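Next comes upload.cif, with mmCIF, C-alpha atoms.
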data_start
loop_
_atom_site.label_atom_id
_atom_site.label_comp_id
_atom_site.auth_asym_id
_atom_site.auth_seq_id
_atom_site.Cartn_x
_atom_site.Cartn_y
_atom_site.Cartn_z
CA MET A 1 86.23 18.45 -114.60
CA ALA A 2 87.54 17.50 -118.04
CA ALA A 3 84.26 18.44 -119.72
CA ARG A 4 84.24 21.86 -118.10
CA ALA A 5 87.87 22.41 -119.05
CA GLU A 6 87.08 21.56 -122.66
CA THR A 7 84.17 24.01 -122.63
CA THR A 8 86.28 26.71 -121.01
CA LEU A 9 89.16 26.24 -123.45
CA ALA A 10 86.76 26.22 -126.44
CA GLY A 11 88.39 23.11 -127.83
CA PRO A 12 87.40 19.54 -128.73
CA GLU A 13 87.74 16.53 -126.44
CA HIS A 14 91.35 15.97 -125.48
CA ALA A 15 92.74 12.89 -123.66
CA ALA A 16 95.41 15.01 -121.96
CA LEU A 17 92.70 17.06 -120.25
CA ARG A 18 91.23 13.91 -118.75
CA ARG A 19 94.65 12.89 -117.43
CA LEU A 20 95.12 16.35 -115.96
CA ALA A 21 91.68 16.20 -114.36
CA ARG A 22 92.53 12.86 -112.73
CA ALA A 23 95.81 14.30 -111.37
CA ILE A 24 94.05 17.33 -109.89
CA HIS A 25 91.34 15.10 -108.40
CA ARG A 26 94.00 13.06 -106.64
CA ARG A 27 95.45 16.29 -105.24
CA PHE A 28 92.01 17.60 -104.21
CA PRO A 29 89.65 14.68 -103.44
CA VAL A 30 87.14 17.29 -102.22
CA ALA A 31 86.55 20.37 -104.36
CA PRO A 32 88.30 23.49 -102.94
CA LEU A 33 85.16 25.54 -103.39
CA HIS A 34 86.69 28.79 -102.16
CA ASP A 35 90.44 28.10 -102.14
CA PHE A 36 91.00 28.90 -105.81
CA ASP A 37 94.53 30.13 -105.13
CA ALA A 38 95.56 26.61 -104.07
CA LEU A 39 93.90 25.13 -107.16
CA GLN A 40 95.63 27.65 -109.44
CA ALA A 41 99.01 26.94 -107.84
CA ALA A 42 98.51 23.18 -108.27
CA LEU A 43 97.67 23.65 -111.95
CA LEU A 44 100.67 25.87 -112.63
CA GLU A 45 102.98 23.41 -110.85
CA SER A 46 101.58 20.41 -112.74
CA ARG A 47 103.90 18.79 -115.28
CA GLY A 48 100.82 17.58 -117.16
CA PHE A 49 99.54 21.12 -117.43
CA ARG A 50 102.88 22.33 -118.79
CA ARG A 51 103.11 19.45 -121.28
CA LEU A 52 99.53 19.99 -122.41
CA PHE A 53 100.02 23.60 -123.37
CA ALA A 54 103.57 23.24 -124.60
CA ALA A 55 102.56 20.65 -127.19
CA PRO A 56 103.35 21.63 -130.79
CA ASP A 57 99.77 21.07 -131.86
CA ALA A 58 98.32 23.06 -128.97
CA SER A 59 97.22 25.83 -131.27
CA ASP A 60 95.33 23.35 -133.47
CA ALA A 61 93.84 21.29 -130.64
CA PHE A 62 92.48 24.28 -128.80
CA GLY A 63 91.90 26.74 -131.59
CA ARG A 64 94.59 29.18 -130.49
CA SER A 65 96.56 31.48 -132.71
CA GLU A 66 99.80 30.81 -130.86
CA ALA A 67 101.31 27.97 -128.76
CA TRP A 68 101.73 28.49 -125.04
CA ASP A 69 105.19 28.59 -123.57
CA ALA A 70 105.56 25.87 -120.91
CA ALA A 71 108.38 27.82 -119.31
CA THR A 72 106.09 30.73 -118.47
CA PRO A 73 102.85 29.20 -117.12
CA ASP A 74 101.86 32.53 -115.56
CA ALA A 75 101.03 33.67 -119.07
CA VAL A 76 98.19 31.14 -119.34
CA ARG A 77 94.89 32.82 -120.15
CA LEU A 78 91.40 31.53 -120.78
CA LEU A 79 89.72 32.18 -124.11
CA ARG A 80 86.33 32.55 -122.41
CA ILE A 81 84.82 31.88 -119.00
CA PRO A 82 81.42 30.16 -119.06
CA VAL A 83 79.10 30.72 -116.12
CA PHE A 84 77.93 27.52 -114.42
CA THR A 85 74.73 28.22 -112.52
CA THR A 86 73.17 26.22 -109.72
CA ALA A 87 69.67 26.36 -108.33
CA MET A 88 67.49 24.82 -105.68
CA HIS A 89 65.84 21.59 -106.81
CA PRO A 90 62.27 22.00 -108.06
CA GLN A 91 60.92 19.82 -105.22
CA ALA A 92 62.69 21.97 -102.61
CA THR A 93 61.03 22.01 -99.19
CA ALA A 94 63.71 23.99 -97.35
CA ALA A 95 62.58 27.10 -95.51
CA VAL A 96 65.77 28.96 -96.50
CA PRO A 97 66.73 28.75 -100.21
CA LEU A 98 70.50 28.76 -100.72
CA ASP A 99 71.56 28.32 -104.34
CA THR A 100 75.34 28.59 -103.99
CA PRO A 101 78.11 28.21 -101.40
CA GLY A 102 78.43 31.99 -101.47
CA ALA A 103 74.76 32.36 -100.51
CA LEU A 104 75.32 29.94 -97.63
CA ALA A 105 78.34 31.95 -96.45
CA ASP A 106 76.31 35.17 -96.61
CA PHE A 107 73.43 33.57 -94.71
CA LEU A 108 75.78 32.44 -91.94
CA GLY A 109 77.66 35.73 -91.90
CA VAL A 110 81.09 34.25 -92.67
CA SER A 111 83.57 34.53 -95.51
CA GLY A 112 83.98 31.77 -98.08
CA THR A 113 87.38 30.85 -96.65
CA GLU A 114 86.00 30.66 -93.11
CA LEU A 115 83.09 28.54 -94.33
CA ASP A 116 85.51 26.03 -95.89
CA TRP A 117 87.59 25.99 -92.69
CA LEU A 118 84.55 25.35 -90.48
CA ALA A 119 83.08 22.69 -92.78
CA ASP A 120 86.52 21.03 -92.94
CA LEU A 121 85.52 18.57 -95.66
CA GLN A 122 89.06 17.18 -95.89
CA GLY A 123 89.53 16.74 -92.12
CA ARG A 124 92.60 18.93 -91.95
CA ASN A 125 91.72 20.34 -88.53
CA GLU A 126 91.51 16.89 -86.90
CA ARG A 127 94.80 15.41 -88.05
CA PRO A 128 97.03 13.83 -85.37
CA GLY A 129 99.26 16.42 -83.72
CA GLU A 130 97.08 19.35 -84.80
CA ARG A 131 96.97 22.17 -82.26
CA GLU A 132 93.96 22.12 -79.93
CA GLY A 133 93.15 25.71 -80.87
CA VAL A 134 92.60 24.69 -84.51
CA ARG A 135 90.13 21.93 -83.74
CA HIS A 136 86.41 22.66 -83.86
CA TYR A 137 85.32 20.12 -81.20
CA ARG A 138 86.19 18.99 -77.69
CA VAL A 139 85.84 15.27 -76.94
CA VAL A 140 84.39 14.59 -73.48
CA LEU A 141 83.64 11.28 -71.76
CA ILE A 142 80.63 11.25 -69.43
CA ARG A 143 79.65 8.56 -66.99
CA GLY A 144 77.04 6.08 -68.19
CA ARG A 145 73.76 5.59 -66.38
CA GLY A 146 73.34 2.50 -64.24
CA ALA A 147 75.77 0.04 -62.72
CA GLY A 148 78.35 -1.23 -65.18
CA ALA A 149 77.25 1.17 -67.93
CA ARG A 150 79.94 2.21 -70.39
CA PRO A 151 80.86 5.90 -70.51
CA ARG A 152 79.51 7.92 -73.43
CA CYS A 153 81.66 10.01 -75.74
CA LEU A 154 80.39 13.52 -76.45
CA GLU A 155 81.84 15.65 -79.22
CA VAL A 156 81.09 19.23 -78.22
CA PRO A 157 81.50 21.95 -80.89
CA LYS A 158 83.34 25.10 -79.90
CA GLY A 159 81.65 28.47 -79.70
CA ARG A 160 81.83 29.74 -83.30
CA LEU A 161 80.74 26.49 -84.93
CA ARG A 162 78.11 25.84 -82.25
CA ALA A 163 76.51 29.24 -82.93
CA LEU A 164 76.31 28.50 -86.68
CA GLN A 165 74.84 25.05 -86.02
CA ARG A 166 72.12 26.59 -83.86
CA LYS A 167 71.29 28.98 -86.69
CA LEU A 168 71.01 26.07 -89.12
CA LEU A 169 68.85 24.18 -86.63
CA ARG A 170 66.37 27.02 -86.19
CA ALA A 171 66.22 28.15 -89.81
CA ILE A 172 66.49 24.91 -91.79
CA LEU A 173 65.97 21.79 -89.66
CA ASP A 174 63.30 22.72 -87.11
CA PRO A 175 60.66 23.53 -89.78
CA VAL A 176 61.02 20.07 -91.38
CA PRO A 177 58.36 17.68 -90.02
CA VAL A 178 59.50 14.34 -88.63
CA HIS A 179 57.78 10.97 -88.75
CA ALA A 180 54.96 10.46 -86.26
CA ALA A 181 56.83 7.53 -84.69
CA ALA A 182 59.76 9.76 -83.67
CA THR A 183 59.14 11.01 -80.13
CA ALA A 184 62.49 12.65 -79.33
CA PHE A 185 64.21 15.90 -80.24
CA HIS A 186 61.24 17.91 -81.49
CA SER A 187 58.47 20.01 -80.01
CA GLY A 188 55.24 18.28 -79.09
CA ALA A 189 56.86 14.99 -78.06
CA SER A 190 58.62 13.73 -74.95
CA VAL A 191 59.75 10.69 -73.00
CA ILE A 192 56.28 10.54 -71.41
CA ASP A 193 54.59 10.63 -74.83
CA HIS A 194 56.83 7.81 -76.00
CA ALA A 195 56.04 5.69 -72.94
CA ALA A 196 52.30 6.45 -73.00
CA ARG A 197 51.91 4.83 -76.42
CA HIS A 198 52.83 1.47 -74.88
CA ALA A 199 50.93 1.61 -71.58
CA GLY A 200 48.61 -1.22 -70.53
CA ARG A 201 49.69 -3.76 -73.19
CA GLU A 202 50.29 -7.47 -72.72
CA ILE A 203 53.84 -7.29 -74.02
CA VAL A 204 56.42 -4.57 -74.66
CA VAL A 205 59.47 -5.24 -76.86
CA ARG A 206 62.44 -2.90 -76.66
CA ILE A 207 65.36 -2.90 -79.12
CA ASP A 208 68.39 -0.65 -78.71
CA LEU A 209 70.62 0.62 -81.53
CA LYS A 210 74.40 0.57 -81.10
CA GLN A 211 76.28 3.86 -81.48
CA PHE A 212 73.28 5.61 -83.00
CA PHE A 213 74.86 9.01 -83.74
CA PRO A 214 78.31 7.80 -84.90
CA SER A 215 76.67 5.34 -87.30
CA ILE A 216 75.08 8.24 -89.24
CA THR A 217 77.73 9.20 -91.79
CA ARG A 218 78.34 12.49 -93.57
CA ALA A 219 77.03 11.02 -96.84
CA ARG A 220 73.65 10.33 -95.22
CA VAL A 221 73.51 13.84 -93.78
CA GLU A 222 74.37 15.29 -97.19
CA ALA A 223 71.52 13.24 -98.67
CA VAL A 224 69.11 14.83 -96.17
CA PHE A 225 70.09 18.34 -97.25
CA ALA A 226 69.96 17.34 -100.92
CA GLY A 227 66.48 15.95 -100.29
CA LEU A 228 65.45 19.35 -98.95
CA GLY A 229 66.39 20.81 -102.34
CA TYR A 230 69.90 22.15 -101.86
CA PRO A 231 72.39 21.86 -104.76
CA ARG A 232 75.19 19.37 -104.23
CA ALA A 233 77.87 21.95 -103.38
CA VAL A 234 75.65 23.56 -100.75
CA ALA A 235 74.48 20.21 -99.35
CA ARG A 236 78.10 19.08 -98.94
CA LEU A 237 79.05 22.21 -97.02
CA LEU A 238 75.97 21.94 -94.81
CA ALA A 239 76.85 18.31 -94.09
CA GLY A 240 80.42 19.32 -93.31
CA LEU A 241 79.22 21.91 -90.81
CA CYS A 242 77.09 19.30 -89.03
CA THR A 243 79.48 16.30 -88.98
CA HIS A 244 82.84 15.52 -87.45
CA ARG A 245 85.68 13.01 -87.50
CA THR A 246 88.26 12.54 -84.77
CA ARG A 247 91.26 10.49 -83.71
CA ASP A 248 91.14 11.84 -80.17
CA PRO A 249 92.61 9.29 -77.73
CA ALA A 250 89.69 9.90 -75.35
CA VAL A 251 87.43 7.91 -77.69
CA LEU A 252 86.83 4.38 -76.42
CA PRO A 253 88.89 1.76 -78.34
CA GLU A 254 85.82 -0.11 -79.63
CA SER A 255 84.43 3.13 -81.12
CA ARG A 256 87.54 4.56 -82.77
CA ALA A 257 86.89 3.09 -86.21
CA ARG A 258 83.48 4.75 -86.40
CA PHE A 259 84.70 8.06 -85.01
CA ARG A 260 87.42 8.33 -87.67
CA VAL A 261 84.73 8.46 -90.36
CA PRO A 262 82.81 11.76 -90.68
CA HIS A 263 79.63 11.26 -88.63
CA LEU A 264 76.97 13.01 -86.58
CA PRO A 265 78.63 14.16 -83.34
CA GLN A 266 76.64 13.54 -80.19
CA GLY A 267 76.83 16.96 -78.58
CA ALA A 268 76.20 19.21 -81.61
CA PRO A 269 72.89 21.18 -81.63
CA THR A 270 72.02 19.93 -85.12
CA SER A 271 72.60 16.21 -84.51
CA PRO A 272 69.29 15.28 -82.83
CA ALA A 273 67.15 16.86 -85.57
CA LEU A 274 69.29 15.35 -88.33
CA SER A 275 69.13 11.91 -86.71
CA ASN A 276 65.32 12.03 -86.91
CA LEU A 277 65.44 12.98 -90.60
CA VAL A 278 68.02 10.31 -91.44
CA ALA A 279 65.97 7.69 -89.57
CA ARG A 280 62.71 8.65 -91.29
CA ARG A 281 62.76 5.69 -93.69
CA LEU A 282 63.56 3.38 -90.78
CA ASP A 283 60.49 4.74 -88.97
CA VAL A 284 58.33 4.30 -92.07
CA ARG A 285 59.34 0.66 -92.49
CA LEU A 286 59.07 -0.25 -88.80
CA THR A 287 55.65 1.42 -88.54
CA ALA A 288 54.43 -0.69 -91.45
CA LEU A 289 55.98 -3.80 -89.90
CA ALA A 290 54.27 -3.11 -86.56
CA GLU A 291 50.91 -2.82 -88.31
CA THR A 292 51.32 -6.28 -89.83
CA PHE A 293 51.83 -7.66 -86.30
CA GLY A 294 48.95 -5.67 -84.82
CA ALA A 295 51.46 -3.73 -82.72
CA THR A 296 52.30 -0.12 -81.89
CA TYR A 297 55.74 1.31 -82.71
CA SER A 298 57.57 4.44 -81.62
CA ARG A 299 61.21 5.50 -81.42
CA TYR A 300 62.94 7.66 -78.83
CA ALA A 301 66.41 8.39 -80.27
CA ASP A 302 68.07 4.94 -80.37
CA ASP A 303 65.33 3.18 -78.38
CA LEU A 304 62.88 1.25 -80.61
CA THR A 305 59.73 0.16 -78.75
CA PHE A 306 56.91 -2.13 -79.88
CA SER A 307 53.86 -3.13 -77.86
CA GLY A 308 50.80 -5.27 -78.39
CA ASP A 309 48.49 -7.89 -76.99
CA ALA A 310 47.99 -11.63 -77.45
CA PRO A 311 48.99 -11.85 -81.16
CA LEU A 312 52.30 -10.11 -80.47
CA VAL A 313 52.99 -12.33 -77.48
CA ARG A 314 52.96 -15.32 -79.83
CA ASP A 315 54.98 -13.62 -82.59
CA ARG A 316 57.46 -11.62 -80.49
CA ASP A 317 60.54 -13.53 -81.68
CA ARG A 318 59.53 -13.26 -85.32
CA LEU A 319 58.99 -9.53 -84.86
CA VAL A 320 62.47 -9.10 -83.35
CA SER A 321 64.01 -11.03 -86.22
CA ARG A 322 62.29 -8.84 -88.84
CA VAL A 323 63.20 -5.65 -86.97
CA PHE A 324 66.87 -6.68 -86.93
CA GLU A 325 66.77 -7.23 -90.70
CA ILE A 326 65.26 -3.81 -91.37
CA VAL A 327 67.58 -2.03 -88.93
CA CYS A 328 70.66 -3.52 -90.59
CA ASP A 329 69.27 -2.79 -94.06
CA GLU A 330 68.89 0.88 -93.05
CA GLY A 331 72.53 1.17 -92.00
CA PHE A 332 72.11 0.86 -88.23
CA GLU A 333 73.18 -1.90 -85.85
CA PRO A 334 70.85 -3.53 -83.30
CA ASN A 335 72.13 -4.47 -79.86
CA PRO A 336 70.93 -8.02 -79.04
CA ARG A 337 72.15 -7.73 -75.43
CA LYS A 338 69.74 -4.85 -74.83
CA THR A 339 66.75 -6.42 -76.56
CA LEU A 340 63.96 -6.98 -74.02
CA ARG A 341 60.62 -8.80 -74.24
CA MET A 342 58.57 -7.69 -71.22
CA ARG A 343 55.29 -9.44 -70.39
CA ALA A 344 52.56 -7.80 -68.30
CA GLY A 345 53.44 -9.98 -65.27
CA ARG A 346 56.66 -8.03 -64.68
CA ALA A 347 57.63 -4.36 -64.67
CA GLN A 348 57.50 -3.06 -68.23
CA ARG A 349 59.95 -0.17 -68.50
CA VAL A 350 60.13 2.27 -71.40
CA THR A 351 62.71 5.10 -71.26
CA GLY A 352 62.88 4.84 -67.48
CA LEU A 353 59.11 4.77 -66.86
CA VAL A 354 56.95 1.82 -65.81
CA VAL A 355 54.05 1.46 -68.29
CA ASN A 356 52.12 -1.57 -66.98
CA ALA A 357 49.05 0.59 -66.29
CA HIS A 358 50.14 4.13 -67.19
CA PRO A 359 53.51 5.91 -67.37
CA ASN A 360 54.90 6.19 -63.86
CA VAL A 361 58.27 6.66 -62.19
CA PRO A 362 59.40 3.32 -60.68
CA ARG A 363 58.35 2.90 -57.07
CA ALA A 364 61.95 2.41 -55.92
CA GLU A 365 63.00 5.74 -57.46
CA TYR A 366 60.06 7.52 -55.80
CA ASP A 367 60.89 5.95 -52.44
CA ARG A 368 64.56 6.99 -52.69
CA LEU A 369 63.62 10.58 -53.42
CA LYS A 370 61.11 10.62 -50.56
CA ALA A 371 63.79 9.29 -48.19
CA ILE A 372 66.29 11.95 -49.31
CA LEU A 373 63.75 14.71 -48.65
CA HIS A 374 62.99 13.26 -45.22
CA ARG A 375 66.69 13.17 -44.28
CA CYS A 376 67.11 16.73 -45.56
CA CYS A 377 64.44 17.77 -43.04
CA THR A 378 65.99 15.86 -40.13
CA ASP A 379 69.76 15.98 -40.80
CA GLY A 380 70.11 19.02 -43.07
CA ALA A 381 70.33 19.33 -46.83
CA GLU A 382 74.11 19.65 -46.97
CA ALA A 383 74.67 16.11 -45.67
CA GLN A 384 72.45 14.61 -48.41
CA ASN A 385 74.26 16.22 -51.34
CA ARG A 386 76.56 13.22 -51.77
CA ASP A 387 77.18 13.79 -55.48
CA ALA A 388 78.21 17.42 -54.87
CA HIS A 389 75.57 19.02 -57.08
CA PRO A 390 76.42 22.72 -57.44
CA ASP A 391 72.74 23.62 -56.92
CA PHE A 392 71.27 20.82 -54.82
CA ARG A 393 68.00 22.69 -54.31
CA ALA A 394 67.38 22.95 -58.06
CA HIS A 395 68.42 19.31 -58.47
CA LEU A 396 65.75 18.16 -55.99
CA LEU A 397 63.09 20.38 -57.57
CA GLY A 398 63.87 18.87 -60.98
CA ARG A 399 63.47 15.32 -59.67
CA ILE A 400 60.20 16.25 -57.97
CA ALA A 401 58.90 17.81 -61.21
CA TRP A 402 59.75 14.59 -63.08
CA VAL A 403 57.69 12.52 -60.64
CA ALA A 404 54.81 15.04 -60.70
CA ALA A 405 54.68 14.95 -64.52
CA THR A 406 53.69 11.28 -64.43
CA ASN A 407 51.90 11.14 -61.06
CA PRO A 408 50.54 14.48 -59.72
CA ARG A 409 49.45 12.90 -56.40
CA ARG A 410 52.97 11.70 -55.63
CA GLY A 411 54.31 15.03 -56.78
CA GLU A 412 52.21 16.91 -54.21
CA LYS A 413 53.53 14.70 -51.40
CA LEU A 414 57.11 15.33 -52.43
CA ARG A 415 56.57 19.09 -52.71
CA ALA A 416 55.11 19.14 -49.21
CA ALA A 417 58.22 17.35 -47.88
CA PHE A 418 60.48 19.75 -49.81
CA ALA A 419 58.71 22.75 -48.25
CA ARG A 420 59.74 21.55 -44.78
CA ILE A 421 63.50 21.67 -45.56
CA ASP A 422 65.45 24.45 -43.84
CA TRP A 423 67.59 25.95 -46.60
CA SER A 424 68.99 28.71 -44.34
CA SER A 425 71.46 26.42 -42.55
CA PRO A 426 75.18 26.83 -43.42
CA GLY A 427 76.16 25.01 -46.59
CA ALA A 428 72.61 24.30 -47.67
#
Have the structure of the file written as structure tokens, please.
Amino acid sequence: MAARAETTLAGPEHAALRRLARAIHRRFPVAPLHDFDALQAALLESRGFRRLFAAPDASDAFGRSEAWDAATPDAVRLLRIPVFTTAMHPQATAAVPLDTPGALADFLGVSGTELDWLADLQGRNERPGEREGVRHYRVVLIRGRGAGARPRCLEVPKGRLRALQRKLLRAILDPVPVHAAATAFHSGASVIDHAARHAGREIVVRIDLKQFFPSITRARVEAVFAGLGYPRAVARLLAGLCTHRTRDPAVLPESRARFRVPHLPQGAPTSPALSNLVARRLDVRLTALAETFGATYSRYADDLTFSGDAPLVRDRDRLVSRVFEIVCDEGFEPNPRKTLRMRAGRAQRVTGLVVNAHPNVPRAEYDRLKAILHRCCTDGAEAQNRDAHPDFRAHLLGRIAWVAATNPRRGEKLRAAFARIDWSSPGA
């Protein structure tokens, strides 16, 4: 800031300019890229600014023909205005080149002021007591899966921001390839693909990451966009549009410290794709580690899975220890309580599928669904909708499709039972 001021004022280095720059930086920790009125007002109100240009030697220090009157700061004028240009980095891989914040605003179809408000780099919209209508996100708790599971906290962007995030996802993030070990959140991969890589092995090791999305900070997201070639000012705004901080009381107490730091919000359209890009180096290192153990590695979101045969059975504890080291080194946190070492003599489950022979829905889950369909035929569908699904018919068809995707023979049996249900009865 001081160097640019010296260039703009066509004068030599001046210690007072550095002091002024530090004062303005304290007032604006994040650059007000479009709010120049606020910056101008802060300068004109600054005692340092007044002293600097009221100094007797001001004309000598800055090459002016006359001293500036500190009592009339509105009379301040610049001798010349240099143009500072920015450009995409030479190694840019981004599908959409955006050289300046203005180009980003034009691409998104918003004004510069609205872009700053939506990016909210200073967290003004999430301060305690701020009106709900000003906030960009809604915080929602959803019930966890399984008995005793903790609820999950979703941060759901509101309509305007969500639409812009979807545009960024389609135009910028979707074209970027992810690591081959990442099997979630991109086309051509699925839960079944993740599970199939570990089918029929002597041992399967699963390691879970704690608070995967909240642990990915804005700085790491900004680094992703910078790595795609965007100049720093553009990368910061893009990161601001895709991250969030909150003090909402709905956040669980043990998570509040993380949620107060700008992070990837679970619930934003851009978060899954960005999580894969942030975790790319983690995937690279864990893939190399798996190769040294003769194992196979893949990741589905926060679920790290390794599988192998006899050599891995012997070295499973050493593998887990090395994985923990790498995970922590990459800025994530492993969950020892959810670390599983599953031998072939027991059910080996990966993302809800049993993989002892091939990916398959657990027998108990299949039997429960078959029993529900049977009772729908005998007692009526309405009586079986115990969780009050708004479209129970579609719910059952979705569960049947999930079974059929892993086991077509079972799927045909379930479809035959579904076809016998009388959906014309009242309430069905």
**Message:** List the spatial neighbours of region 296-300 of chain A as JSON, numbers by chain - criterion: any atom at most 7 Å away, only C-alpha atoms, same-chain residues fewer than 2 positions off excluded.
**Reply:** {"A": [181, 182, 183, 184, 194, 287, 290, 302, 303, 304, 305, 306, 307, 308]}
**Item:** Ile203 (chain A) environment, 7 Å, all atoms listed in the file, sequence neighbours closer than 3 positions dropped, as number ranges by chain
**Value:** A: 307-309, 313, 341-344
Care to translate the PyMOL selection byres ((chain A and resi 284) around 12) into actual residues of this file, as a compact mmCIF listing (two decimals) with C-alpha atoms, in the coordinates of the input?
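For reference, expr14.txt as written:
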# COMPACT_ATOMS: atom_id res chain seq x y z
CA VAL A 178 59.50 14.34 -88.63
CA HIS A 179 57.78 10.97 -88.75
CA ALA A 180 54.96 10.46 -86.26
CA ALA A 181 56.83 7.53 -84.69
CA ALA A 182 59.76 9.76 -83.67
CA ASN A 276 65.32 12.03 -86.91
CA LEU A 277 65.44 12.98 -90.60
CA VAL A 278 68.02 10.31 -91.44
CA ALA A 279 65.97 7.69 -89.57
CA ARG A 280 62.71 8.65 -91.29
CA ARG A 281 62.76 5.69 -93.69
CA LEU A 282 63.56 3.38 -90.78
CA ASP A 283 60.49 4.74 -88.97
CA ARG A 285 59.34 0.66 -92.49
CA LEU A 286 59.07 -0.25 -88.80
CA THR A 287 55.65 1.42 -88.54
CA ALA A 288 54.43 -0.69 -91.45
CA LEU A 289 55.98 -3.80 -89.90
CA ALA A 290 54.27 -3.11 -86.56
CA GLU A 291 50.91 -2.82 -88.31
CA TYR A 297 55.74 1.31 -82.71
CA SER A 298 57.57 4.44 -81.62
CA ARG A 299 61.21 5.50 -81.42
CA ILE A 326 65.26 -3.81 -91.37
CA VAL A 327 67.58 -2.03 -88.93
CA GLU A 330 68.89 0.88 -93.05
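Near Ala233 (chain A), within 10 Å and counting all atoms listed in the file, sit Ala31, Leu33, Thr86, Asp99, Thr100, Pro101, Glu222 and Ala226 of chain A, not including residues fewer than 6 positions from it in the same chain.
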**Request:** Run the PyMOL selection byres ((chain A and resi 416) around 12) on the file and write out the hits as a VMD selection string.
**Result:** chain A and resid 370 373 to 374 377 397 400 409 to 415 417 to 421
Could I get region 369-384 of chain A from the block written out with N, CA and C atoms, as a compact mmCIF listing (two decimals), in the first residue's frame?
# COMPACT_ATOMS: atom_id res chain seq x y z
N LEU A 369 -36.83 -54.39 3.86
CA LEU A 369 -37.58 -53.82 2.74
C LEU A 369 -38.58 -54.83 2.18
N LYS A 370 -38.17 -56.08 2.10
CA LYS A 370 -39.08 -57.12 1.60
C LYS A 370 -40.28 -57.26 2.54
N ALA A 371 -40.05 -57.18 3.85
CA ALA A 371 -41.14 -57.29 4.81
C ALA A 371 -42.10 -56.10 4.71
N ILE A 372 -41.55 -54.90 4.49
CA ILE A 372 -42.40 -53.72 4.33
C ILE A 372 -43.30 -53.87 3.10
N LEU A 373 -42.74 -54.33 2.01
CA LEU A 373 -43.54 -54.52 0.79
C LEU A 373 -44.63 -55.57 1.01
N HIS A 374 -44.29 -56.62 1.74
CA HIS A 374 -45.29 -57.66 2.01
C HIS A 374 -46.43 -57.10 2.85
N ARG A 375 -46.11 -56.31 3.88
CA ARG A 375 -47.17 -55.75 4.72
C ARG A 375 -47.98 -54.69 3.97
N CYS A 376 -47.34 -54.00 3.02
CA CYS A 376 -48.11 -53.07 2.18
C CYS A 376 -49.17 -53.81 1.37
N CYS A 377 -48.84 -55.02 0.94
CA CYS A 377 -49.80 -55.81 0.16
C CYS A 377 -50.94 -56.33 1.04
N THR A 378 -50.62 -56.69 2.28
CA THR A 378 -51.64 -57.32 3.14
C THR A 378 -52.41 -56.30 3.99
N ASP A 379 -51.73 -55.27 4.50
CA ASP A 379 -52.36 -54.33 5.43
C ASP A 379 -52.60 -52.94 4.83
N GLY A 380 -52.08 -52.69 3.63
CA GLY A 380 -52.22 -51.38 3.02
C GLY A 380 -50.98 -50.54 3.20
N ALA A 381 -50.69 -49.74 2.19
CA ALA A 381 -49.45 -48.95 2.20
C ALA A 381 -49.46 -47.86 3.26
N GLU A 382 -50.63 -47.29 3.52
CA GLU A 382 -50.71 -46.16 4.46
C GLU A 382 -50.18 -46.55 5.84
N ALA A 383 -50.50 -47.75 6.30
CA ALA A 383 -50.11 -48.18 7.64
C ALA A 383 -48.59 -48.37 7.76
N GLN A 384 -47.89 -48.56 6.65
CA GLN A 384 -46.45 -48.83 6.70
C GLN A 384 -45.60 -47.55 6.60
